[in-house]
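Trainee: First the structure, which I've put down as structure tokens, then a few questions once you've had a look.
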Amino acid sequence: MAGMTTIFRKELADHLGSRRIAVISTIIILASLSAVLSAVESPTLLQQDSAALFLSLLTERSGNLPSFLFFVTFLVPILGILLGFDAINAERQRGTLSLLISQPVYRDALINGKFLAALAAMALMMGGILALIGGISMAKLGIAPNGAEILRALVFFGAAMLYASFWLSVAILFSVLFDKTSTSALAAIALWIFLAFFVQLVAGVVADHIVPVGRESPAEEVLRHEHLRMNLMRLSPAYLLQEVSLVVLNPSVRILGPIDVSRLQGVIPSALDIGQSLMVIWPQLTALAALSIVCFGVSYIAFMRREIRS
Amino acid sequence: MEKAVETRELTKKYGAFTAVDRLNLDIRSGEVFGLLGPNGAGKTTTILMLLGMTEPTSGTVRVLGFDPAREPLKLKSRTGYLAENVGFYEDLTARENLTYLANLNGLKGSHADRAIDEALEKVEMVNSADALVGTFSKGMRQRLGLASVLLKKPQLVILDEPTSGIDPEGVEKILSLIRKMADESGITIMLSSHMLHSVQKVCDRVGIMFKSSMIACGTIEEIGKSIIGERQGTIKIVSNGSGAVDEEKLGTIKGLKDFRRSGDLVTANFDESRRSEIIREIVEKGCLPVEVRGTEYSLEEIYLRYFREV
């Protein structure tokens with residue numbers, strides 16, 4: 001435990017002082033702020049439910065700029081990969097890995113400390129940005145986020161951290177598996193491109209193949225096709241995060257996916273409370289957590305079994 | 001005498017390949033032991049098993065009375081290990097690197113500072129303590145490595161190829177440091193090397209590994225005797241007085257053989273264990289030894305002789 005704290009501190013200090021993290025954080029902060037600042041000007045913002053105005057700043061887009069949420073799903077993986085892709089293999093190349101494991105600390109203290117330090121660095125950044133957005137909301141709109149909004153923002157923050165830790169674990173796993181830092185970085189980026197962009201295309205193609213639908217297909221067929229496509233897309237953590245954020249940041253969303261008219265009968269169009277929103281999104285949150293845990297578990301085992309010669 | 005390292009029938013297999021085959025190794029407390037052998041002989045694998053960094057396929061290991069696979073932390077807090085090509089964090093100073101390692105060993109604050117100052121003093125690096133490791137030569141890095149090992153006040157130090165890739169002056173310095181560590185602090189030292197000359201000067205006993213097995217173990221004198229046989233010197237003989245040397249008469253002397261004549265001078269080989277008897281007998285037979293040259297066992301010779309036989 002003492003060993004892990006030491007490693008955690010050193011790694012966190014390294015991250016906070018490193019140049020590449022400074023560059024990517026500047027990009028993320030600039031992108032997020034410009035998205036939010038332009039959302040403030042958006043004409044549709046004022047039509048939103050005033051009880052959740054702060055939250056709609058996070059999802060609202062205006063003009064050509066995508067929303068803050070888009071930037072998060074897009075840039076957090078890059079941040080995670082950047083923090084983790086050379087966690088183990090750079091130490092191996094430098095010759096410091098054998099130095100560390102010959103010290104009286106358990107070997108897992110090294111990988112745990114590195115994982116937690118990178119996660120802490122990302123949490124600091126995300127938390128800072130969310131606080132900044134709160135400030136912008138007060139300054140520009142004159143509205144302070146209320147309790148329910150803060151709670152929802154915290155859930156969103158948690159989901160974003162799960163998403164970040166998935167990408168961090170992927171990057172660390174590749175840094176254990178591949179000896180070269182360039183290989184592990186490229187492998188992680190390739191996986192990111194696949195999960196962020198291609199899964200949507202692949203899901204459509206596969207769904208079309210298994211449940212072909214045309215213009216005259218019966219409603220059940222179309223529904224089956226749509227459900228299959230969505231479930232395939234849910235293999236991608238980016239899509240899971242999108243669904244979670246959609247529900248958590250938007251109290252009025254109560255159903256995901258295709259809606260059948262009969263389910264809307266008698267619905268009172270009011271905002272859900274946070275517990276109800278969580279119920280809607282619980283499976284996605286669980287899946288997101290499971291993905292990151294499995295991924296970290298695999299890299300943990302891979303690292304523990306790896307023989308370190310020099 | 002107490003044993004620092006004891007292995008019995010220690011074997012490590014990687015699939016069908018046997019890296020270490022039924023090794024019986026004893027290292028006494030306080031001695032400097034050299035593990036020699038060509039690359040790929042199984043030296044590093046042996047060291048990894050001694051430190052619990054890889055598990056033996058069969059056989060037993062006791063290091064300082066501990067089983068390395070079961071009590072790795074107790075062992076690692078008493079044992080210093082420097083891998084071949086050990087590295088340090090290039091963007092930190094020597095002192096910062098040592099502070100990190102001291103913290104990992106549970107040394108904090110002023111305790112750590114004192115231990116670091118002492119260690120730097122011992123390896124004569126006080127002047128470069130606050131320089132970045134990135135600017136260090138290979139020899140300085142290796143000395144910094146020795147300092148990092150001394151931090152924890154070890155009972156046993158294991159060095160894998162401590163002199164490889166270092167200039168002769170640096171080698172000299174490191175070897176004298178190793179000898180000093182053993183003589184002044186009573187630390188048991190085991191080092192592996194394929195640089196025979198340097199090892200010969202510093203080791204009390206050596207073990208020679210070849211193709212996964214230990215083929216000889218003991219002092220250089222003992223190994224030399226068992227592999228090369230009796231040492232032979234050369235002697236040059238002239239006739240005492242007038243007339244030529246009578247080779248037939250000399251041939252009756254036990255241990256004197258291989259006569260070669262050049263002019264008045266006869267050169268012969270002799271058994272060194274009978275040196276004084278032979279000289280006396282030569283004089284008694286009316287001849288005069290003008291030059292007597294003994295040979296010392298050199299590891300190079302042992303090495304070459306052995307591998308030619310295999």
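Each chain in the structure tokens gets a letter, A, B, ..., in the order shown, and its residues are numbered from 1; ligands are numbered from 1 in order too.
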When you look at region 124-139 of chain A with a cut-off of 10 Å (counting only C-alpha atoms), what residues show up, excluding the ones that are within fewer than 6 positions of it in the same chain? I need them as a list in words.

Mentor: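 These residues fall inside the cut-off: Leu16, Ser25, Ile28, Ile29, Leu30, Ser32, Leu33, Val36, Leu37, Val40, Leu53, Phe54, Leu55, Leu57, Leu58, Phe68, Val72, Val76, Ala118, Pro145, Ile150, Ala153, Leu154, Phe157, Ala160 and Met161 of chain A.
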
Trainee: Once you count only C-alpha atoms, which residues of chain A turn out to be within 8 Å of chain B? Could you give them as a ChimeraX atom specification?

Mentor: /A:2-3,6-7,10,94-96,98-100,102-106,307-310

Trainee: Restricting the calculation to only C-alpha atoms, which member of B:Arg205, B:Arg293, B:Lys138, B:Lys153 is positioned closest to Phe270 (chain B)?

Mentor: B:Arg293

Trainee: Show which residues sit within 6 Å of Ala41 (chain B), as a list in words. Count only C-alpha atoms, and ignore same-chain residues fewer than 6 positions away.

Mentor: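 Non-adjacent residues within range: Met209, Phe210, Lys211 and Ser212 of chain B.
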
Trainee: Any idea what the distance is between CA of Lys236 (chain B) and CA of His197 (chain B)?

Mentor: 28.9 Å

Trainee: Which residue out of B:Ala4, B:Leu132, B:Leu151, B:Leu144 has the minimum interatomic distance to Lys108 (chain B) when only C-alpha atoms are used?

Mentor: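 Under the stated criterion, the closest residue is B:Leu151.
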
Trainee: Could you give me the residues within region 121-250 of chain B that DSSP places in alpha helix (DSSP H), as number ranges by chain?

Mentor: B: 121-122, 138-150, 168-185, 196-202, 220-228, 247-250

Trainee: Would you save the residues from that selection as a short mmCIF file (atom, residue, chain, number, x, y, z; two decimals), in the first residue's frame, using N, CA and C atoms?

Mentor:
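The new file result08.cif reads:
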```
data_model
loop_
_atom_site.label_atom_id
_atom_site.label_comp_id
_atom_site.auth_asym_id
_atom_site.auth_seq_id
_atom_site.Cartn_x
_atom_site.Cartn_y
_atom_site.Cartn_z
N GLU B 121 28.01 9.24 -1.30
CA GLU B 121 29.39 9.35 -0.84
C GLU B 121 30.17 8.09 -1.19
N LYS B 122 29.53 6.95 -0.91
CA LYS B 122 30.23 5.67 -1.13
C LYS B 122 30.59 5.47 -2.59
N LYS B 138 27.56 5.90 -19.14
CA LYS B 138 27.14 4.56 -18.72
C LYS B 138 27.76 4.16 -17.39
N GLY B 139 29.04 4.51 -17.22
CA GLY B 139 29.71 4.17 -15.98
C GLY B 139 29.09 4.87 -14.78
N MET B 140 28.71 6.15 -14.98
CA MET B 140 28.09 6.89 -13.88
C MET B 140 26.73 6.30 -13.54
N ARG B 141 25.98 5.88 -14.57
CA ARG B 141 24.69 5.26 -14.31
C ARG B 141 24.84 4.01 -13.47
N GLN B 142 25.89 3.24 -13.83
CA GLN B 142 26.09 1.99 -13.09
C GLN B 142 26.46 2.30 -11.63
N ARG B 143 27.22 3.37 -11.43
CA ARG B 143 27.55 3.74 -10.05
C ARG B 143 26.32 4.24 -9.32
N LEU B 144 25.48 4.96 -10.05
CA LEU B 144 24.22 5.40 -9.44
C LEU B 144 23.40 4.16 -9.07
N GLY B 145 23.46 3.15 -9.94
CA GLY B 145 22.78 1.89 -9.64
C GLY B 145 23.30 1.29 -8.34
N LEU B 146 24.61 1.29 -8.17
CA LEU B 146 25.18 0.75 -6.93
C LEU B 146 24.69 1.58 -5.73
N ALA B 147 24.61 2.89 -5.93
CA ALA B 147 24.12 3.75 -4.84
C ALA B 147 22.68 3.37 -4.50
N SER B 148 21.86 3.11 -5.54
CA SER B 148 20.46 2.79 -5.28
C SER B 148 20.34 1.48 -4.52
N VAL B 149 21.29 0.58 -4.75
CA VAL B 149 21.28 -0.69 -4.06
C VAL B 149 21.71 -0.52 -2.60
N LEU B 150 22.67 0.41 -2.39
CA LEU B 150 23.18 0.62 -1.04
C LEU B 150 22.17 1.30 -0.12
N PRO B 168 37.23 1.08 -19.79
CA PRO B 168 38.10 0.40 -18.81
C PRO B 168 38.25 1.15 -17.49
N GLU B 169 38.32 2.46 -17.57
CA GLU B 169 38.48 3.22 -16.33
C GLU B 169 37.25 3.07 -15.44
N GLY B 170 36.09 3.14 -16.10
CA GLY B 170 34.84 2.97 -15.37
C GLY B 170 34.73 1.58 -14.77
N VAL B 171 35.17 0.58 -15.53
CA VAL B 171 35.13 -0.79 -15.03
C VAL B 171 35.97 -0.90 -13.76
N GLU B 172 37.16 -0.31 -13.84
CA GLU B 172 38.07 -0.34 -12.70
C GLU B 172 37.40 0.23 -11.46
N LYS B 173 36.73 1.35 -11.66
CA LYS B 173 36.09 2.05 -10.55
C LYS B 173 34.98 1.19 -9.95
N ILE B 174 34.18 0.60 -10.83
CA ILE B 174 33.05 -0.19 -10.35
C ILE B 174 33.54 -1.44 -9.62
N LEU B 175 34.57 -2.06 -10.17
CA LEU B 175 35.08 -3.26 -9.50
C LEU B 175 35.64 -2.94 -8.12
N SER B 176 36.32 -1.78 -8.04
CA SER B 176 36.89 -1.47 -6.72
C SER B 176 35.76 -1.14 -5.74
N LEU B 177 34.67 -0.53 -6.26
CA LEU B 177 33.52 -0.27 -5.39
C LEU B 177 32.91 -1.58 -4.90
N ILE B 178 32.80 -2.55 -5.81
CA ILE B 178 32.22 -3.84 -5.45
C ILE B 178 33.06 -4.50 -4.36
N ARG B 179 34.37 -4.47 -4.58
CA ARG B 179 35.27 -5.08 -3.59
C ARG B 179 35.14 -4.37 -2.24
N LYS B 180 35.01 -3.03 -2.32
CA LYS B 180 34.90 -2.24 -1.09
C LYS B 180 33.61 -2.58 -0.34
N MET B 181 32.53 -2.73 -1.11
CA MET B 181 31.25 -3.07 -0.48
C MET B 181 31.38 -4.36 0.31
N ALA B 182 32.07 -5.34 -0.30
CA ALA B 182 32.21 -6.63 0.37
C ALA B 182 33.13 -6.52 1.58
N ASP B 183 34.23 -5.79 1.42
CA ASP B 183 35.23 -5.76 2.49
C ASP B 183 34.80 -4.88 3.66
N GLU B 184 34.21 -3.71 3.34
CA GLU B 184 33.92 -2.76 4.42
C GLU B 184 32.56 -3.00 5.06
N SER B 185 31.57 -3.35 4.24
CA SER B 185 30.23 -3.49 4.80
C SER B 185 29.83 -4.95 5.00
N LEU B 196 35.83 -11.96 -18.30
CA LEU B 196 36.52 -12.81 -17.35
C LEU B 196 37.61 -12.09 -16.59
N HIS B 197 38.31 -11.25 -17.29
CA HIS B 197 39.47 -10.63 -16.68
C HIS B 197 39.07 -9.84 -15.44
N SER B 198 38.01 -9.05 -15.61
CA SER B 198 37.61 -8.20 -14.49
C SER B 198 37.12 -9.05 -13.32
N VAL B 199 36.37 -10.10 -13.63
CA VAL B 199 35.80 -10.92 -12.59
C VAL B 199 36.89 -11.61 -11.78
N GLN B 200 37.91 -12.04 -12.52
CA GLN B 200 39.00 -12.76 -11.88
C GLN B 200 39.62 -11.96 -10.74
N LYS B 201 39.69 -10.62 -10.95
CA LYS B 201 40.35 -9.80 -9.95
C LYS B 201 39.52 -9.62 -8.69
N VAL B 202 38.19 -9.64 -8.86
CA VAL B 202 37.37 -9.20 -7.75
C VAL B 202 36.69 -10.34 -7.00
N ILE B 220 39.35 -19.82 -8.42
CA ILE B 220 39.93 -19.93 -9.76
C ILE B 220 41.04 -20.97 -9.76
N GLU B 221 41.79 -21.01 -8.67
CA GLU B 221 42.85 -21.99 -8.50
C GLU B 221 42.30 -23.43 -8.61
N GLU B 222 41.23 -23.68 -7.86
CA GLU B 222 40.65 -25.04 -7.86
C GLU B 222 40.12 -25.44 -9.23
N ILE B 223 39.40 -24.49 -9.84
CA ILE B 223 38.83 -24.81 -11.15
C ILE B 223 39.93 -25.04 -12.16
N GLY B 224 40.96 -24.19 -12.08
CA GLY B 224 42.09 -24.33 -13.00
C GLY B 224 42.71 -25.70 -12.89
N LYS B 225 42.91 -26.14 -11.67
CA LYS B 225 43.53 -27.44 -11.44
C LYS B 225 42.67 -28.54 -12.05
N SER B 226 41.36 -28.44 -11.81
CA SER B 226 40.51 -29.55 -12.26
C SER B 226 40.32 -29.54 -13.77
N ILE B 227 40.36 -28.37 -14.38
CA ILE B 227 40.12 -28.34 -15.82
C ILE B 227 41.40 -28.43 -16.63
N ILE B 228 42.40 -27.64 -16.23
CA ILE B 228 43.63 -27.61 -17.03
C ILE B 228 44.61 -28.68 -16.56
N GLU B 247 70.53 -33.96 -22.63
CA GLU B 247 69.08 -34.06 -22.48
C GLU B 247 68.66 -35.39 -21.88
N GLU B 248 69.38 -36.44 -22.22
CA GLU B 248 68.98 -37.75 -21.71
C GLU B 248 69.08 -37.82 -20.20
N LYS B 249 70.16 -37.16 -19.70
CA LYS B 249 70.34 -37.14 -18.26
C LYS B 249 69.20 -36.36 -17.59
N LEU B 250 68.85 -35.22 -18.23
CA LEU B 250 67.78 -34.40 -17.66
C LEU B 250 66.44 -35.11 -17.74
#
```
